[in-house]
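What follows is the content of upload-v9.txt, which has compact mmCIF, C-alpha atoms:
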```txt
# COMPACT_ATOMS: atom_id res chain seq x y z
CA MET A 18 -9.98 -19.67 -4.23
CA ILE A 19 -9.39 -16.48 -6.12
CA SER A 20 -5.87 -15.71 -6.86
CA ASN A 21 -5.27 -12.77 -4.72
CA THR A 22 -4.70 -10.12 -7.13
CA ARG A 23 -2.25 -9.50 -4.73
CA GLN A 24 -1.74 -12.08 -6.19
CA LEU A 25 -2.63 -9.40 -6.79
CA LYS A 26 -1.59 -10.77 -6.85
CA LEU A 27 -0.21 -9.16 -7.27
CA LEU A 28 -0.20 -6.11 -9.25
CA LEU A 29 3.43 -5.11 -8.15
CA SER A 30 4.80 -2.42 -10.52
CA VAL A 31 8.53 -2.90 -10.14
CA THR A 32 10.22 0.41 -10.87
CA ILE A 33 13.94 0.27 -11.33
CA PHE A 34 15.54 3.62 -10.92
CA CYS A 35 18.27 4.49 -13.38
CA PHE A 36 21.20 6.65 -12.40
CA LEU A 37 22.74 9.02 -14.93
CA LEU A 38 26.48 8.68 -15.34
CA ILE A 39 28.21 12.03 -15.45
CA SER A 40 31.92 11.34 -15.27
CA CYS A 41 34.09 8.36 -16.03
CA ASP A 42 35.98 7.78 -12.81
CA SER A 43 34.05 9.60 -10.11
CA ARG A 44 32.43 7.92 -7.11
CA GLU A 45 29.09 8.96 -8.57
CA ASP A 46 29.98 7.19 -11.79
CA LYS A 47 31.03 4.01 -10.01
CA LYS A 48 27.99 3.72 -7.79
CA GLY A 49 25.80 4.48 -10.80
CA ARG A 50 27.40 1.67 -12.74
CA PHE A 51 26.78 -0.80 -9.94
CA LEU A 52 23.16 0.35 -9.78
CA LEU A 53 22.65 -0.12 -13.51
CA LYS A 54 24.35 -3.52 -13.48
CA GLY A 55 22.12 -4.53 -10.59
CA ASN A 56 19.09 -3.40 -12.58
CA ASN A 57 20.18 -5.60 -15.47
CA LYS A 58 20.42 -8.56 -13.09
CA MET A 59 16.90 -7.79 -11.91
CA MET A 60 15.64 -7.93 -15.48
CA GLU A 61 17.33 -11.32 -15.81
CA ASN A 62 15.60 -12.49 -12.59
CA ASP A 63 19.01 -12.95 -10.99
CA TYR A 64 18.04 -11.39 -7.68
CA GLU A 65 21.05 -12.59 -5.70
CA GLY A 66 23.34 -11.14 -8.35
CA ALA A 67 21.41 -7.88 -8.19
CA VAL A 68 21.77 -7.72 -4.40
CA ALA A 69 25.52 -8.15 -4.68
CA LEU A 70 25.78 -5.24 -7.11
CA TYR A 71 23.53 -2.99 -5.05
CA ASN A 72 25.76 -3.79 -2.08
CA GLU A 73 28.73 -2.48 -4.08
CA ALA A 74 26.85 0.73 -4.78
CA LEU A 75 25.99 1.13 -1.10
CA ASP A 76 29.60 0.53 -0.08
CA LEU A 77 30.39 3.66 -2.10
CA ASP A 78 27.47 5.68 -0.73
CA GLU A 79 25.62 4.52 2.37
CA ASN A 80 22.94 7.16 1.73
CA PHE A 81 22.10 5.99 -1.79
CA ALA A 82 18.29 5.80 -1.49
CA ASP A 83 17.74 4.30 -4.95
CA ALA A 84 20.13 1.43 -4.20
CA TYR A 85 18.28 0.61 -0.98
CA PHE A 86 14.99 0.75 -2.85
CA ASN A 87 16.16 -1.50 -5.68
CA ARG A 88 17.77 -3.94 -3.26
CA GLY A 89 14.46 -4.03 -1.42
CA LEU A 90 12.77 -5.02 -4.66
CA ALA A 91 15.29 -7.83 -5.11
CA PHE A 92 14.69 -9.10 -1.58
CA TYR A 93 10.94 -8.90 -2.16
CA ASN A 94 11.25 -11.04 -5.27
CA MET A 95 13.22 -13.55 -3.20
CA ALA A 96 10.28 -13.58 -0.72
CA ASP A 97 12.62 -12.18 1.94
CA TYR A 98 10.02 -9.72 3.14
CA GLN A 99 11.76 -8.60 6.33
CA ARG A 100 14.91 -7.50 4.53
CA ALA A 101 12.81 -5.92 1.79
CA ILE A 102 10.88 -3.90 4.40
CA SER A 103 14.16 -2.89 6.06
CA ASP A 104 15.58 -1.60 2.78
CA PHE A 105 12.42 0.28 1.82
CA SER A 106 12.45 1.85 5.29
CA LYS A 107 16.08 2.91 4.83
CA ALA A 108 15.21 4.52 1.49
CA ILE A 109 12.36 6.40 3.18
CA SER A 110 14.63 7.56 6.02
CA ILE A 111 16.85 9.16 3.36
CA ASN A 112 13.96 10.50 1.27
CA ALA A 113 10.79 11.03 3.29
CA GLU A 114 8.76 11.68 0.11
CA PHE A 115 9.79 8.43 -1.63
CA ALA A 116 6.33 7.37 -2.85
CA ASP A 117 7.49 4.15 -4.54
CA ALA A 118 9.18 3.01 -1.35
CA TYR A 119 6.02 3.56 0.70
CA TYR A 120 4.00 1.55 -1.80
CA HIS A 121 6.39 -1.37 -2.02
CA ARG A 122 6.97 -1.39 1.74
CA GLY A 123 3.20 -1.60 2.10
CA ILE A 124 2.99 -4.50 -0.35
CA ALA A 125 5.82 -6.32 1.45
CA ASN A 126 4.08 -5.83 4.79
CA PHE A 127 0.82 -7.02 3.28
CA ASP A 128 2.38 -10.18 1.86
CA ASN A 129 4.12 -10.75 5.19
CA GLY A 130 0.75 -10.67 7.00
CA ALA A 131 1.32 -7.28 8.67
CA ASN A 132 -1.97 -5.79 7.53
CA TYR A 133 -2.02 -2.74 9.77
CA ASN A 134 1.54 -1.81 8.85
CA ALA A 135 0.50 -2.08 5.21
CA LEU A 136 -2.49 0.15 5.91
CA SER A 137 -0.22 2.72 7.54
CA ASN A 138 1.92 2.77 4.38
CA ALA A 139 -1.18 3.21 2.24
CA ASP A 140 -2.27 6.18 4.33
CA ARG A 141 1.18 7.76 4.16
CA LEU A 142 1.36 7.30 0.39
CA ILE A 143 -2.07 8.89 -0.03
CA SER A 144 -0.99 11.84 2.11
CA ILE A 145 2.15 12.58 0.06
CA ALA A 146 0.76 11.60 -3.37
CA PRO A 147 -3.05 11.79 -3.37
CA GLU A 148 -3.08 11.55 -7.16
CA ASP A 149 -1.32 8.15 -7.08
CA TYR A 150 -3.86 5.33 -7.43
CA ARG A 151 -1.55 2.86 -5.67
CA GLY A 152 -2.20 4.23 -2.20
CA TYR A 153 -5.93 3.60 -2.56
CA PHE A 154 -5.28 0.25 -4.21
CA LEU A 155 -3.13 -0.87 -1.27
CA ARG A 156 -5.74 0.37 1.17
CA GLY A 157 -8.38 -1.64 -0.69
CA LEU A 158 -6.31 -4.82 -0.56
CA VAL A 159 -5.88 -4.54 3.19
CA GLN A 160 -9.53 -3.73 3.86
CA GLU A 161 -10.56 -6.69 1.71
CA THR A 162 -8.31 -9.00 3.73
CA LEU A 163 -9.69 -7.57 6.96
CA GLY A 164 -13.20 -8.37 5.72
CA ASP A 165 -14.40 -4.76 5.49
CA TYR A 166 -15.73 -5.07 1.97
CA GLU A 167 -17.50 -1.72 1.84
CA LYS A 168 -14.33 0.19 2.75
CA ALA A 169 -12.40 -1.92 0.25
CA LEU A 170 -14.84 -1.09 -2.53
CA GLN A 171 -14.64 2.58 -1.62
CA ALA A 172 -10.84 2.45 -1.79
CA PHE A 173 -10.84 0.73 -5.17
CA ASP A 174 -13.30 3.31 -6.48
CA GLN A 175 -10.96 6.07 -5.28
CA ALA A 176 -8.11 4.34 -7.10
CA ILE A 177 -10.20 4.18 -10.27
CA ASN A 178 -10.91 7.90 -9.94
CA GLN A 179 -7.15 8.46 -10.15
CA ASP A 180 -6.57 5.98 -13.00
CA SER A 181 -9.46 4.23 -14.73
CA THR A 182 -7.20 2.23 -17.05
CA ILE A 183 -5.94 -0.32 -14.49
CA ALA A 184 -7.70 -3.65 -15.12
CA ASP A 185 -6.71 -5.13 -11.77
CA LEU A 186 -8.75 -2.53 -9.91
CA TYR A 187 -11.90 -3.82 -11.58
CA VAL A 188 -10.88 -7.43 -10.95
CA ASN A 189 -10.52 -6.64 -7.26
CA LYS A 190 -13.92 -4.98 -7.21
CA ALA A 191 -15.40 -8.01 -8.98
CA THR A 192 -13.78 -10.29 -6.40
CA ILE A 193 -15.47 -8.45 -3.54
CA HIS A 194 -18.81 -8.54 -5.33
CA TYR A 195 -18.31 -12.29 -5.75
CA TYR A 196 -17.73 -12.66 -2.00
CA GLN A 197 -20.90 -10.63 -1.42
CA GLU A 198 -22.77 -12.89 -3.89
CA ASN A 199 -23.50 -9.84 -6.04
CA TYR A 200 -22.74 -11.75 -9.20
CA LYS A 201 -24.21 -9.23 -11.63
CA SER A 202 -21.87 -6.48 -10.40
CA ALA A 203 -18.98 -8.93 -10.48
CA GLU A 204 -19.67 -9.70 -14.15
CA SER A 205 -19.96 -6.01 -14.96
CA ASN A 206 -16.56 -5.22 -13.48
CA LEU A 207 -14.98 -8.21 -15.21
CA ASN A 208 -16.29 -6.97 -18.54
CA ILE A 209 -14.55 -3.63 -17.99
CA ALA A 210 -11.34 -5.38 -16.92
CA GLU A 211 -11.39 -7.64 -19.98
CA ASN A 212 -11.79 -4.67 -22.31
CA LEU A 213 -8.78 -3.04 -20.69
CA HIS A 214 -6.55 -6.11 -20.44
CA PRO A 215 -7.89 -9.24 -22.19
CA LYS A 216 -4.82 -11.29 -21.22
CA GLU A 217 -5.25 -10.85 -17.46
CA ALA A 218 -5.61 -14.43 -16.20
CA ASN A 219 -7.45 -13.52 -13.00
CA ILE A 220 -10.42 -12.31 -15.04
CA TYR A 221 -11.05 -15.81 -16.36
CA ASN A 222 -10.37 -17.52 -13.05
CA LEU A 223 -13.09 -15.38 -11.47
CA ARG A 224 -15.39 -16.05 -14.42
CA SER A 225 -14.92 -19.75 -13.72
CA LEU A 226 -15.99 -19.28 -10.10
CA LEU A 227 -19.09 -17.38 -11.21
CA ALA A 228 -19.94 -20.17 -13.66
CA PHE A 229 -19.49 -22.74 -10.88
CA GLU A 230 -21.97 -20.81 -8.73
CA LYS A 231 -24.46 -21.22 -11.57
CA ASP A 232 -23.76 -24.99 -11.68
CA SER A 233 -22.29 -24.61 -15.16
CA ILE A 234 -19.32 -26.95 -14.80
CA ALA A 235 -18.52 -26.94 -18.51
CA ASP A 236 -18.22 -23.14 -18.52
CA ALA A 237 -16.24 -23.19 -15.27
CA LEU A 238 -13.71 -25.57 -16.84
CA LYS A 239 -13.56 -23.51 -20.01
CA TRP A 240 -12.77 -20.30 -18.14
CA VAL A 241 -10.27 -21.79 -15.69
CA ASN A 242 -8.42 -23.48 -18.55
CA LYS A 243 -8.13 -20.09 -20.23
CA ALA A 244 -6.73 -18.66 -17.00
CA ILE A 245 -4.16 -21.48 -16.86
CA ASP A 246 -3.23 -20.94 -20.50
CA LEU A 247 -2.45 -17.31 -19.67
CA ASN A 248 -0.68 -18.03 -16.37
CA SER A 249 0.34 -21.64 -15.90
CA GLY A 250 2.21 -20.92 -12.67
CA GLN A 251 -0.74 -19.93 -10.49
CA ALA A 252 -1.51 -22.74 -8.06
CA TYR A 253 -4.97 -21.41 -7.17
CA PHE A 254 -6.13 -21.90 -10.74
CA TYR A 255 -5.28 -25.60 -10.58
CA ASN A 256 -7.06 -25.94 -7.27
CA ASN A 257 -10.21 -24.43 -8.75
CA ARG A 258 -9.96 -26.69 -11.78
CA GLY A 259 -9.54 -29.66 -9.46
CA LEU A 260 -12.82 -28.79 -7.74
CA TYR A 261 -14.62 -28.50 -11.06
CA TYR A 262 -13.22 -31.86 -12.18
CA LEU A 263 -14.63 -33.45 -9.01
CA PHE A 264 -18.10 -32.14 -9.79
CA ASP A 265 -17.67 -33.26 -13.40
CA GLY A 266 -16.96 -36.82 -12.28
CA GLN A 267 -13.28 -36.66 -13.29
CA MET A 268 -12.06 -37.70 -9.87
CA GLU A 269 -8.43 -38.56 -10.62
CA SER A 270 -7.87 -35.42 -12.68
CA GLY A 271 -9.41 -33.47 -9.83
CA ILE A 272 -7.21 -34.83 -7.06
CA GLU A 273 -4.14 -34.44 -9.28
CA ASP A 274 -4.81 -30.71 -9.64
CA ILE A 275 -5.67 -30.31 -5.95
CA ASN A 276 -2.46 -32.07 -4.87
CA PHE A 277 -0.45 -29.95 -7.30
CA SER A 278 -1.89 -26.84 -5.69
CA LEU A 279 -1.11 -28.14 -2.20
CA ARG A 280 2.50 -28.81 -3.17
CA GLN A 281 2.80 -25.08 -3.91
CA ASN A 282 1.05 -24.06 -0.69
CA SER A 283 0.34 -26.78 1.85
CA LYS A 284 -1.71 -24.38 4.01
CA ASN A 285 -4.21 -23.38 1.33
CA LEU A 286 -7.53 -23.96 3.10
CA PHE A 287 -9.47 -24.05 -0.17
CA ALA A 288 -7.29 -26.87 -1.46
CA LEU A 289 -7.63 -28.73 1.84
CA ARG A 290 -11.41 -28.30 1.61
CA ASN A 291 -11.37 -29.66 -1.92
CA LYS A 292 -9.35 -32.65 -0.78
CA GLY A 293 -11.97 -33.30 1.90
CA ILE A 294 -14.68 -33.15 -0.78
CA TYR A 295 -12.67 -35.57 -2.91
CA TYR A 296 -12.53 -38.08 -0.04
CA TYR A 297 -16.26 -37.67 0.59
CA LEU A 298 -17.09 -38.31 -3.06
CA SER A 299 -14.70 -41.28 -2.97
CA GLY A 300 -16.51 -42.75 0.05
CA GLN A 301 -13.56 -42.33 2.42
CA LYS A 302 -15.33 -41.01 5.50
CA PRO A 303 -12.45 -40.69 8.04
CA LEU A 304 -10.18 -38.77 5.66
CA SER A 305 -13.03 -36.57 4.48
CA ILE A 306 -13.96 -35.62 8.04
CA LYS A 307 -10.31 -35.01 8.95
CA TYR A 308 -9.72 -32.47 6.17
CA LEU A 309 -13.09 -30.76 6.38
CA LYS A 310 -12.91 -30.43 10.17
CA GLU A 311 -9.50 -28.80 9.91
CA VAL A 312 -10.74 -26.26 7.37
CA TYR A 313 -13.95 -25.56 9.28
CA SER A 314 -12.07 -24.98 12.54
CA LYS A 315 -9.81 -22.41 10.87
CA ASP A 316 -12.35 -20.64 8.66
CA PRO A 317 -16.00 -21.72 8.88
CA SER A 318 -16.97 -19.12 6.25
CA ILE A 319 -15.39 -21.04 3.36
CA LYS A 320 -18.16 -22.17 1.07
CA LEU A 321 -19.10 -25.87 0.86
CA THR A 322 -17.08 -26.79 3.96
CA LYS A 323 -19.97 -27.07 6.41
CA LYS A 324 -22.21 -28.78 3.86
CA TYR A 325 -19.73 -31.54 3.02
CA LEU A 326 -18.58 -31.95 6.61
CA GLU A 327 -22.17 -32.68 7.62
CA LEU A 328 -22.59 -35.04 4.67
CA ALA A 329 -19.37 -36.86 5.55
CA GLN A 330 -20.46 -37.26 9.17
CA GLU A 331 -23.72 -38.82 7.98
CA MET A 332 -21.98 -41.41 5.77
```
What does this structure look like when you write it as C-alpha cells?
Amino acid sequence: MISNTRQLKLLLSVTIFCFLLISCDSREDKKGRFLLKGNNKMMENDYEGAVALYNEALDLDENFADAYFNRGLAFYNMADYQRAISDFSKAISINAEFADAYYHRGIANFDNGANYNALSNADRLISIAPEDYRGYFLRGLVQETLGDYEKALQAFDQAINQDSTIADLYVNKATIHYYQENYKSAESNLNIAENLHPKEANIYNLRSLLAFEKDSIADALKWVNKAIDLNSGQAYFYNNRGLYYLFDGQMESGIEDINFSLRQNSKNLFALRNKGIYYYLSGQKPLSIKYLKEVYSKDPSIKLTKKYLELAQEM
C-alpha cells in the first residue's frame, strides 16, 4: 500500500504562531510568554507539556485565537483529532479568516475519517485564500479517498498552479496514475518530485510498487529499501517490502515485515492480504482463505486478493 501522503501523509505544515512581547508585566506579555514556551515544547515533541502552557495562555485570554490554534496542533500530534478539531473551530470562531486553522481542521477531519467535513474546509479555505495551494491539495486528498480520481487530479493540478515547488503534489498525482495503471504518467510525476525533493521517501516507495508491477522484484526491493532508509518509521514501507520478499522466496523475512506492519496498524487490509498470500505460498490453506476472504469482503478492489483467494480455494 502507498503511504498516504497524507501520510501524506502527510504533508502537514505545522505553523507555530509567535507572539511579540511588548511589556514586561502586562497580561499580553504573560500570555505571550506561555504561548512561546508552549511552542518550544512543540519543537521538543512534548505535546502534553505544550497543551499545559497553551492552557495557561487561554486562562489569561479566552479569545486568544493563536493559542487555540497551537493547542489544536498539539492535540493533532497526539492523534486526539476531536479535540484538535474543536480547538481549530474555536480559533475560526474568533478569526473567521484564519486560513491555517481551516487547513489543519480539514486535515484533522480527513485523518478522522470525516471526508465531507474535510472537503467543506477545503472549499472554505479556497474561498478565503484562492492563492493558497493547500486548499486544493486538501480537496485532492479527499477526492482521491472518495475514489473520484479525475477530480483529485484536477485539484492537485490547481495546487501546482499555485505552487509548483511542492514535491508531494507530484507524488500524489503519481499515486493516482498508479491506481489508474497509467504507469508512464506516474513515472513522469515521480521524476519531477525527485528533482524537487530527492529525500522524500514516498517517491521511492511508489517506485518500488511500479517495479513490482513490472515483475522486477530486485528493483522493487532496491527502491523500498531506499524509502525505509529515508523514513524507517513508516509501516506501509515494511508491508510492501514483505510482499516483495515473498515473491523473492524470502518467506521468513517477508512475514516478519508484514507482521511488523500489522503491529502498527492491525486493520491494514494490504498487510492482511499479504499475510493471506504468505499462508498460500506456505501451503496453509485454511489460514490463507481466512485472511484473503476478510480482505475481499471489505475491499474487493485490492490487487492480488481475488487471484490468491481463488488459488487458495483450489489447493
Between atom CA of Phe254 of chain A and atom CA of Lys201 of chain A, what is the distance in Å, rounded to a tenth?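 Result for atom CA of Phe254 of chain A versus atom CA of Lys201 of chain A: 22.1 Å, one decimal.
Here atom CA of Asn256 of chain A and atom CA of Ser270 of chain A stand 10.9 Å from one another.
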Show me the residues close to (-15.1, -22.4, 2.8) - anything with an atom within 12 Å, counting only C-alpha atoms - and format the list as a ChimeraX atom specification. /A:18,196,285-291,293-294,308-326
Of the candidates A:Arg224, A:Lys231, A:Lys54, A:Lys307, which shows the shortest atom-to-atom distance to Lys243 of chain A, using only C-alpha atoms?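 Smallest separation from Lys243 of chain A among the options: A:Arg224.
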Mind checking which residues fall within 12 Å of Ser137 of chain A, counting only C-alpha atoms, ignoring those fewer than 5 positions away in the same chain, and posting them as a list in words?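 My list of contacting residues is Tyr119, Tyr120, Arg122, Gly123, Ile124, Asn126, Phe127, Ala131, Asn132, Leu142, Ile143, Ser144, Gly152, Tyr153, Leu155, Arg156, Val159 and Gln160 of chain A.
Distance-wise, atom CA of Lys107 of chain A and atom CA of Ala91 of chain A end up 14.7 Å apart.
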